[in-house]
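Student: Just one file: final_18.txt, with compact mmCIF, C-alpha atoms.
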# COMPACT_ATOMS: atom_id res chain seq x y z
CA MET A 1 -8.70 219.01 -67.28
CA LYS A 2 -5.60 217.73 -65.50
CA TYR A 3 -5.59 217.90 -61.71
CA MET A 4 -2.10 219.28 -61.12
CA ASN A 5 -0.16 220.23 -58.02
CA HIS A 6 -0.88 223.65 -56.56
CA LYS A 7 1.52 226.35 -57.65
CA VAL A 8 2.62 227.60 -54.25
CA ILE A 9 4.11 225.25 -51.70
CA GLY A 10 3.04 225.86 -48.12
CA THR A 11 -0.37 224.28 -47.71
CA LYS A 12 -0.25 224.48 -43.94
CA GLU A 13 -1.00 228.17 -44.15
CA SER A 14 -4.63 229.22 -43.97
CA LEU A 15 -6.37 230.09 -47.20
CA HIS A 16 -7.47 233.35 -45.62
CA SER A 17 -3.88 234.52 -45.15
CA TYR A 18 -3.91 235.22 -48.89
CA SER A 19 -5.70 238.24 -50.29
CA ASN A 20 -8.63 237.46 -52.57
CA ASP A 21 -7.69 240.16 -55.07
CA GLY A 22 -4.39 238.46 -55.87
CA SER A 23 -2.38 241.51 -54.79
CA ASN A 24 0.28 239.29 -53.20
CA GLY A 25 1.15 238.10 -56.69
CA MET A 26 0.75 234.43 -55.76
CA ASN A 27 -1.77 231.72 -56.58
CA ILE A 28 -2.63 229.52 -53.64
CA SER A 29 -3.85 226.74 -55.94
CA ASP A 30 -4.41 226.08 -59.62
CA HIS A 31 -8.08 225.41 -58.86
CA PHE A 32 -8.64 228.65 -56.93
CA ASN A 33 -9.64 231.86 -58.75
CA GLY A 34 -8.84 234.27 -55.94
CA LYS A 35 -12.24 233.93 -54.25
CA THR A 36 -13.52 230.40 -54.74
CA PHE A 37 -12.35 226.90 -55.56
CA TYR A 38 -13.72 225.07 -58.57
CA ASN A 39 -13.99 221.75 -60.41
CA SER A 40 -13.22 221.55 -64.12
CA ALA A 41 -14.88 224.39 -66.06
CA SER A 42 -17.60 222.22 -67.58
CA ILE A 43 -18.76 220.59 -64.35
CA GLN A 44 -20.64 222.61 -61.74
CA PRO A 45 -23.36 221.83 -59.20
CA LYS A 46 -26.88 222.56 -60.40
CA GLY A 47 -28.10 226.14 -59.93
CA PHE A 48 -31.05 227.74 -58.16
CA GLY A 49 -33.51 227.06 -60.98
CA SER A 50 -32.69 223.35 -60.91
CA ILE A 51 -33.09 223.31 -57.13
CA LEU A 52 -36.60 224.71 -57.50
CA LYS A 53 -37.41 222.13 -60.18
CA TRP A 54 -36.17 219.32 -57.93
CA LEU A 55 -38.17 220.56 -54.95
CA TRP A 56 -41.31 220.83 -57.12
CA THR A 57 -40.96 217.38 -58.69
CA ARG A 58 -39.49 215.35 -55.81
CA GLN A 59 -40.38 211.68 -55.50
CA PRO A 60 -38.61 210.67 -52.29
CA GLY A 61 -38.16 207.00 -51.45
CA GLU A 62 -39.04 205.35 -48.15
CA TRP A 63 -36.96 205.77 -45.00
CA LYS A 64 -37.49 204.12 -41.63
CA ASN A 65 -36.99 205.67 -38.22
CA PRO A 66 -33.98 204.32 -36.31
CA PRO A 67 -34.46 201.69 -33.61
CA LYS A 68 -34.57 203.07 -30.09
CA MET A 69 -31.95 200.55 -29.01
CA GLN A 70 -29.18 199.16 -31.15
CA SER A 71 -26.17 197.07 -30.29
CA SER A 72 -22.80 198.61 -31.01
CA THR A 73 -19.37 197.07 -31.33
CA LYS A 74 -16.47 198.09 -29.12
CA PRO A 75 -13.34 198.07 -31.28
CA VAL A 76 -9.93 196.88 -30.18
CA ASP A 77 -7.60 199.55 -28.82
CA LYS A 78 -4.92 199.11 -31.50
CA VAL A 79 -4.04 197.05 -34.56
CA GLN A 80 -0.33 196.48 -35.07
CA GLN A 81 -0.38 194.04 -38.00
CA GLY A 82 -2.50 194.59 -41.08
CA ILE A 83 -5.37 197.08 -41.35
CA ARG A 84 -8.82 196.97 -39.79
CA ILE A 85 -11.54 199.09 -41.44
CA THR A 86 -14.66 199.44 -39.29
CA PHE A 87 -17.79 201.06 -40.72
CA VAL A 88 -19.40 203.40 -38.16
CA ASN A 89 -22.09 205.16 -40.21
CA HIS A 90 -22.57 207.42 -43.25
CA SER A 91 -18.98 208.30 -44.32
CA THR A 92 -17.39 207.56 -40.95
CA PHE A 93 -14.87 204.73 -40.76
CA LEU A 94 -12.43 203.78 -38.02
CA LEU A 95 -9.14 202.86 -39.70
CA GLN A 96 -6.66 201.02 -37.49
CA MET A 97 -3.10 200.25 -38.57
CA ASP A 98 0.46 200.34 -37.20
CA GLY A 99 -0.88 201.29 -33.76
CA LEU A 100 -2.73 204.34 -35.16
CA ASN A 101 -6.47 205.01 -35.01
CA ILE A 102 -7.91 207.27 -37.75
CA LEU A 103 -11.48 208.50 -38.23
CA THR A 104 -12.89 209.66 -41.57
CA ASP A 105 -15.56 212.41 -41.65
CA PRO A 106 -16.72 211.58 -38.10
CA ILE A 107 -20.38 212.26 -37.26
CA TRP A 108 -22.19 211.13 -34.12
CA ALA A 109 -24.76 213.97 -34.15
CA ASP A 110 -28.49 213.30 -34.42
CA ARG A 111 -28.80 215.68 -37.38
CA ALA A 112 -26.55 216.71 -40.26
CA SER A 113 -27.46 220.35 -39.71
CA PRO A 114 -26.41 223.55 -37.95
CA PHE A 115 -29.61 223.23 -35.90
CA SER A 116 -30.75 220.60 -33.41
CA TRP A 117 -34.42 220.91 -34.38
CA ILE A 118 -34.39 220.90 -38.19
CA GLY A 119 -32.35 219.38 -40.99
CA PRO A 120 -31.58 215.79 -42.07
CA LYS A 121 -32.10 213.55 -39.05
CA ARG A 122 -30.39 210.30 -38.22
CA HIS A 123 -32.12 207.11 -39.40
CA HIS A 124 -29.48 204.66 -38.21
CA LEU A 125 -27.48 204.69 -34.99
CA PRO A 126 -23.66 204.62 -35.12
CA GLY A 127 -22.10 201.17 -35.14
CA ILE A 128 -19.64 202.27 -32.45
CA ALA A 129 -20.76 204.22 -29.40
CA PHE A 130 -18.74 207.41 -28.99
CA GLU A 131 -17.61 206.41 -25.49
CA ASP A 132 -16.28 203.10 -26.86
CA LEU A 133 -13.85 204.71 -29.29
CA PRO A 134 -10.16 203.98 -28.72
CA LYS A 135 -7.68 206.85 -28.54
CA ILE A 136 -7.98 208.69 -31.87
CA ASP A 137 -4.69 209.79 -33.41
CA ALA A 138 -5.94 211.46 -36.59
CA ILE A 139 -9.12 212.69 -38.27
CA LEU A 140 -9.59 213.12 -42.03
CA VAL A 141 -12.22 215.69 -43.10
CA SER A 142 -13.08 215.67 -46.80
CA HIS A 143 -15.02 218.98 -46.92
CA ASN A 144 -17.12 221.28 -44.79
CA HIS A 145 -20.70 220.08 -45.45
CA TYR A 146 -22.55 219.29 -42.24
CA ASP A 147 -22.76 215.54 -42.84
CA HIS A 148 -18.96 215.41 -43.23
CA LEU A 149 -17.72 218.11 -40.88
CA ASP A 150 -19.84 217.64 -37.75
CA LEU A 151 -18.49 220.34 -35.46
CA SER A 152 -20.01 218.89 -32.29
CA THR A 153 -18.26 215.56 -32.89
CA ILE A 154 -14.95 217.22 -33.83
CA LYS A 155 -15.04 219.30 -30.63
CA LYS A 156 -15.63 216.22 -28.48
CA LEU A 157 -12.88 214.28 -30.21
CA PHE A 158 -10.45 217.17 -29.88
CA ALA A 159 -11.21 217.65 -26.17
CA LYS A 160 -10.76 213.95 -25.43
CA HIS A 161 -7.94 212.90 -27.79
CA ALA A 162 -6.30 216.04 -29.31
CA PRO A 163 -5.80 214.24 -32.65
CA LYS A 164 -4.09 215.56 -35.74
CA ILE A 165 -6.86 216.83 -38.03
CA VAL A 166 -6.24 216.78 -41.79
CA VAL A 167 -8.46 219.08 -43.86
CA PRO A 168 -8.57 220.60 -47.38
CA LEU A 169 -7.56 224.21 -48.00
CA GLY A 170 -9.56 226.85 -46.13
CA VAL A 171 -11.04 224.60 -43.43
CA LYS A 172 -8.20 225.15 -40.96
CA LYS A 173 -9.20 228.73 -40.15
CA PHE A 174 -12.80 227.66 -39.48
CA LEU A 175 -11.73 224.98 -37.03
CA GLU A 176 -9.24 227.25 -35.30
CA SER A 177 -11.99 229.87 -34.87
CA LYS A 178 -13.88 227.20 -32.88
CA GLY A 179 -10.93 226.55 -30.55
CA ILE A 180 -9.65 223.46 -32.39
CA SER A 181 -5.92 223.24 -33.11
CA ASN A 182 -3.43 220.68 -34.45
CA VAL A 183 -4.95 221.10 -37.92
CA VAL A 184 -3.00 220.38 -41.12
CA GLU A 185 -4.34 221.85 -44.36
CA LEU A 186 -3.68 220.17 -47.73
CA ASP A 187 -4.22 220.95 -51.37
CA TRP A 188 -4.85 218.18 -53.91
CA TRP A 189 -1.81 215.89 -54.35
CA CYS A 190 -0.10 217.13 -51.18
CA ASP A 191 0.92 214.84 -48.32
CA THR A 192 1.36 214.79 -44.58
CA ASN A 193 2.96 212.06 -42.45
CA LEU A 194 1.25 210.44 -39.47
CA ASN A 195 4.33 208.44 -38.51
CA GLU A 196 7.40 206.95 -40.19
CA VAL A 197 5.39 204.61 -42.44
CA ILE A 198 1.83 206.03 -42.69
CA SER A 199 1.11 209.13 -44.78
CA ILE A 200 -2.02 210.92 -45.98
CA GLN A 201 -2.38 212.36 -49.49
CA ALA A 202 -5.24 214.67 -50.45
CA VAL A 203 -6.59 213.85 -53.92
CA PRO A 204 -9.18 215.55 -56.16
CA ALA A 205 -12.92 215.11 -55.80
CA GLN A 206 -15.72 216.59 -57.91
CA HIS A 207 -17.96 218.38 -55.45
CA PHE A 208 -18.48 221.78 -53.78
CA SER A 209 -18.41 223.31 -50.29
CA GLY A 210 -20.35 225.64 -48.03
CA ARG A 211 -21.96 225.86 -44.60
CA GLY A 212 -24.15 228.90 -45.25
CA ILE A 213 -25.49 231.16 -47.97
CA SER A 214 -22.37 233.31 -48.40
CA ASP A 215 -19.45 230.85 -48.39
CA ARG A 216 -20.16 228.68 -51.45
CA ASN A 217 -16.88 227.06 -52.58
CA ALA A 218 -14.77 229.28 -50.30
CA THR A 219 -12.99 226.15 -49.05
CA LEU A 220 -11.70 223.13 -50.93
CA TRP A 221 -13.06 219.55 -51.04
CA CYS A 222 -11.03 216.38 -51.52
CA GLY A 223 -10.63 212.65 -51.08
CA TYR A 224 -7.71 210.99 -49.34
CA VAL A 225 -5.27 208.19 -50.06
CA ILE A 226 -3.84 206.63 -46.93
CA LYS A 227 -0.46 205.14 -47.81
CA THR A 228 0.56 202.16 -45.68
CA PRO A 229 2.99 199.21 -45.81
CA PHE A 230 -0.04 196.93 -46.20
CA GLY A 231 -1.33 198.74 -49.28
CA ASN A 232 -3.00 202.06 -50.04
CA LEU A 233 -6.53 202.96 -48.95
CA TYR A 234 -8.72 205.41 -50.87
CA PHE A 235 -11.41 207.42 -49.07
CA ALA A 236 -13.35 209.24 -51.79
CA GLY A 237 -15.31 211.69 -49.61
CA ASP A 238 -18.20 213.17 -51.63
CA THR A 239 -17.78 213.22 -55.38
CA GLY A 240 -19.45 213.22 -58.76
CA TYR A 241 -18.29 211.01 -61.60
CA ASN A 242 -15.31 212.06 -63.71
CA SER A 243 -13.47 209.18 -65.37
CA GLU A 244 -10.36 211.24 -66.14
CA MET A 245 -10.04 212.32 -62.52
CA PHE A 246 -10.34 208.77 -61.18
CA GLN A 247 -7.91 207.43 -63.77
CA GLU A 248 -5.35 209.98 -62.62
CA ILE A 249 -5.86 209.15 -58.94
CA GLY A 250 -5.37 205.47 -59.75
CA GLN A 251 -2.24 206.17 -61.79
CA ARG A 252 -0.63 208.60 -59.33
CA SER A 253 -1.71 207.11 -56.00
CA GLY A 254 -2.32 203.45 -56.75
CA PRO A 255 -2.39 200.58 -56.52
CA ILE A 256 -5.40 200.83 -54.19
CA ARG A 257 -5.89 197.88 -51.86
CA VAL A 258 -9.22 199.05 -50.40
CA ALA A 259 -11.49 201.95 -51.39
CA MET A 260 -14.37 203.53 -49.49
CA LEU A 261 -16.76 204.83 -52.15
CA PRO A 262 -20.06 206.74 -51.73
CA ILE A 263 -23.18 205.06 -53.11
CA GLY A 264 -26.04 207.22 -51.72
CA ALA A 265 -27.74 210.61 -52.27
CA TYR A 266 -27.82 210.13 -56.08
CA LYS A 267 -31.53 210.51 -56.98
CA PRO A 268 -32.72 212.18 -59.08
CA GLN A 269 -29.59 211.68 -61.13
CA TRP A 270 -30.27 214.64 -63.45
CA PHE A 271 -29.84 216.86 -60.39
CA MET A 272 -27.37 214.99 -58.17
CA SER A 273 -24.92 213.56 -60.72
CA PRO A 274 -22.48 216.52 -60.83
CA VAL A 275 -21.66 216.06 -57.13
CA HIS A 276 -22.79 212.55 -56.08
CA ILE A 277 -22.03 209.27 -57.83
CA SER A 278 -24.61 206.51 -58.21
CA PRO A 279 -23.97 202.90 -57.15
CA GLU A 280 -23.31 201.96 -60.78
CA GLU A 281 -20.80 204.81 -61.11
CA ALA A 282 -19.11 203.60 -57.90
CA VAL A 283 -18.65 200.20 -59.56
CA ARG A 284 -17.22 201.91 -62.66
CA ILE A 285 -14.73 203.77 -60.43
CA HIS A 286 -13.79 200.47 -58.80
CA MET A 287 -12.96 199.06 -62.23
CA ILE A 288 -11.31 202.22 -63.66
CA MET A 289 -8.92 202.42 -60.71
CA ASP A 290 -8.37 198.64 -60.61
CA ILE A 291 -9.22 198.54 -56.91
CA GLU A 292 -8.79 195.25 -55.10
CA THR A 293 -11.77 195.66 -52.72
CA SER A 294 -14.33 198.45 -52.38
CA ILE A 295 -16.70 199.24 -49.51
CA GLY A 296 -19.86 201.32 -49.92
CA MET A 297 -20.54 204.38 -47.75
CA HIS A 298 -22.66 207.56 -47.63
CA PHE A 299 -25.99 205.74 -47.47
CA GLY A 300 -28.64 204.66 -44.99
CA THR A 301 -27.97 207.19 -42.20
CA PHE A 302 -29.18 210.62 -43.35
CA ARG A 303 -31.86 211.35 -45.94
CA LEU A 304 -30.05 213.76 -48.27
CA ALA A 305 -31.73 213.11 -51.63
CA ASP A 306 -34.66 211.16 -53.14
CA ASP A 307 -33.20 207.66 -53.00
CA GLY A 308 -34.89 205.48 -50.40
CA GLN A 309 -32.96 204.00 -47.51
CA GLU A 310 -32.57 200.63 -49.25
CA ASP A 311 -32.09 201.91 -52.82
CA PRO A 312 -28.28 202.27 -52.75
CA VAL A 313 -27.69 198.67 -51.65
CA ARG A 314 -30.26 197.35 -54.12
CA ASP A 315 -28.82 199.36 -57.03
CA LEU A 316 -25.28 198.39 -56.06
CA GLN A 317 -26.28 194.73 -56.25
CA LYS A 318 -27.62 195.31 -59.76
CA ALA A 319 -24.38 197.01 -60.83
CA VAL A 320 -22.21 194.26 -59.31
CA ASN A 321 -24.20 191.70 -61.29
CA LYS A 322 -24.16 193.80 -64.46
CA PHE A 323 -20.37 194.12 -64.46
CA ARG A 324 -19.81 190.58 -63.14
CA LEU A 325 -17.65 191.50 -60.19
CA GLU A 326 -16.33 188.66 -58.08
CA GLN A 327 -17.88 187.83 -54.71
CA ASN A 328 -16.79 190.30 -51.99
CA GLU A 329 -15.08 192.56 -54.55
CA PHE A 330 -17.52 195.39 -53.70
CA MET A 331 -19.22 195.00 -50.34
CA ILE A 332 -21.51 196.61 -47.83
CA LEU A 333 -20.55 196.44 -44.16
CA LYS A 334 -23.16 196.69 -41.45
CA GLU A 335 -22.56 199.49 -38.97
CA GLY A 336 -20.01 198.28 -36.41
CA SER A 337 -18.61 195.52 -38.65
CA TYR A 338 -15.10 195.49 -40.05
CA PHE A 339 -12.95 194.37 -42.93
CA GLN A 340 -9.45 193.08 -42.23
CA VAL A 341 -6.45 193.55 -44.52
CA GLU A 342 -3.55 191.22 -43.80
CA HIS A 343 0.00 191.17 -45.15
CA GLU A 344 -0.63 188.89 -48.11
CA ILE A 345 -4.34 188.14 -48.16
CA VAL A 346 -7.58 189.98 -47.52
CA THR A 347 -9.98 188.35 -45.07
CA ASN A 348 -13.46 189.26 -43.89
CA ARG A 349 -14.38 189.19 -40.24
CA ASN A 350 -17.42 189.87 -38.08
CA GLU A 351 -20.96 190.52 -39.32
CA LYS A 352 -21.21 191.93 -42.84
CA VAL A 353 -23.27 191.92 -45.99
CA ALA A 354 -21.10 190.95 -48.95
CA ILE A 355 -22.51 191.53 -52.42
Would you mind writing the file's structure down as structure tokens?
Tutor:
Amino acid sequence: MKYMNHKVIGTKESLHSYSNDGSNGMNISDHFNGKTFYNSASIQPKGFGSILKWLWTRQPGEWKNPPKMQSSTKPVDKVQQGIRITFVNHSTFLLQMDGLNILTDPIWADRASPFSWIGPKRHHLPGIAFEDLPKIDAILVSHNHYDHLDLSTIKKLFAKHAPKIVVPLGVKKFLESKGISNVVELDWWCDTNLNEVISIQAVPAQHFSGRGISDRNATLWCGYVIKTPFGNLYFAGDTGYNSEMFQEIGQRSGPIRVAMLPIGAYKPQWFMSPVHISPEEAVRIHMIMDIETSIGMHFGTFRLADDGQEDPVRDLQKAVNKFRLEQNEFMILKEGSYFQVEHEIVTNRNEKVAI
């Protein structure tokens, strides 16, 4: 399946301004059937029967409770030259470039859940304390799952910084219903500018959406390519493996200087593979897209599947060795540490684990 542009221009309008029965005679997107969004026809998340099988046969790995105290790193206020990519936790990065500060899928909550008393709890503290954040100019939200769209964090960021919030189709109306404005909604392959030289492009991901039992796939999911004078960055969001999709992203939005790729929540693979890549698949994506440097994410903070807290890093090391990647070509940053992209060369700074 080719991941083509949507058929109707005007992605800043809310999905819900279109009638689901198609009576307006228009298609909002070529991956929207009038009620729900979808991946390619042959790739769907596992169904209810598979969920029951997984719950009955689970073999969860070991996770540790977070330390009561943990040092955090206060970032610089702005970066004018080059790009600084600071890993906060889970899928949250602070991207600093050209005087702009951008957060990806920000979450500072103690649980990835609609409830404060149940749901996946935090096992690692954020690498940057919320009060130490610089002024945030933009937020990128990949989809509406609770570990990627943390409403409590978004509300706090909006109240303090009033940033531009970039979301996939359908998410704008949800945020506006919560009193959050300055939201730009994008379909796959559509762009929005942050300033004269920095733009954001939404790109396909293989996943699904939903925050309850009645809104499955009612909103879109995506990754993002951040286009800059120092090279393009790719934030994959949540995604399963689809070589054709990643080849197209690389061809249409490359070259990619740095990618942020998920490596966690992949076990058992028979159940998770349609929507979550494994560490080895992340390495394959790195090679398919000819990415200069990749950074792992979506691991070690919230227990979302059966992989243990250390499994993603361990399995990534095996894949790096298997495919003979060069040193620092695919790395893990400790929470609060950063990777620096300069004009001509890429340098590593601060505390990190390079594999």
Student: Got a sec to check which residues sit within 12 Å of (-9.8, 212.6, -29.8), counting only C-alpha atoms, and write them as a count of residues only?
Tutor: 30
Student: I'd like to know which of A:His124, A:Met272, A:Asp187, A:Thr219 is closest to Val171 (chain A), using only C-alpha atoms.
Tutor: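 Ranking A:His124, A:Met272, A:Asp187, A:Thr219 by distance to Val171 (chain A), first place goes to A:Thr219.
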Student: Is there a way to get, as a list in words, all residues within 9 Å of the point (-28.7, 207.7, -43.9) in file coordinates, counting only C-alpha atoms?
Tutor: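 So the residues meeting the distance criterion are Trp63, Asn89, His90, Pro120, Lys121, Arg122, His123, His124, Gly264, Ala265, His298, Phe299, Gly300, Thr301, Phe302, Arg303, Leu304 and Gln309 of chain A.
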Student: My list of candidates is A:Asn39, A:Asn144, A:Gln247, A:Thr239. Which is closest to Met297 (chain A) when distances are computed with all atoms listed in the file?
Tutor: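 Counting all atoms listed in the file, the residue closest to Met297 (chain A) is A:Thr239.
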Student: Suppose you want the space between CA of Pro75 (chain A) and CA of Asn195 (chain A); what is it in Å?
Tutor: 21.7 Å
Student: Could you pull the residues within 8 Å of Ile291 (chain A), counting only C-alpha atoms, minus those fewer than 4 positions along the same chain, as a VMD selection string?
Tutor: chain A and resid 255 to 259 286 to 287
Student: With a distance cut-off of 10 Å and all atoms listed in the file, select the neighbouring residues of region 230-235 of chain A, excluding the residue or stretch itself and same-chain residues fewer than 2 positions from it, and output the selection as a PyMOL selection string.
Tutor: chain A and resi 81-83+85+91+93+95+97-98+104-105+140+142+198-203+222-228+237-238+249-250+253-262+291+293-295+297+341-345
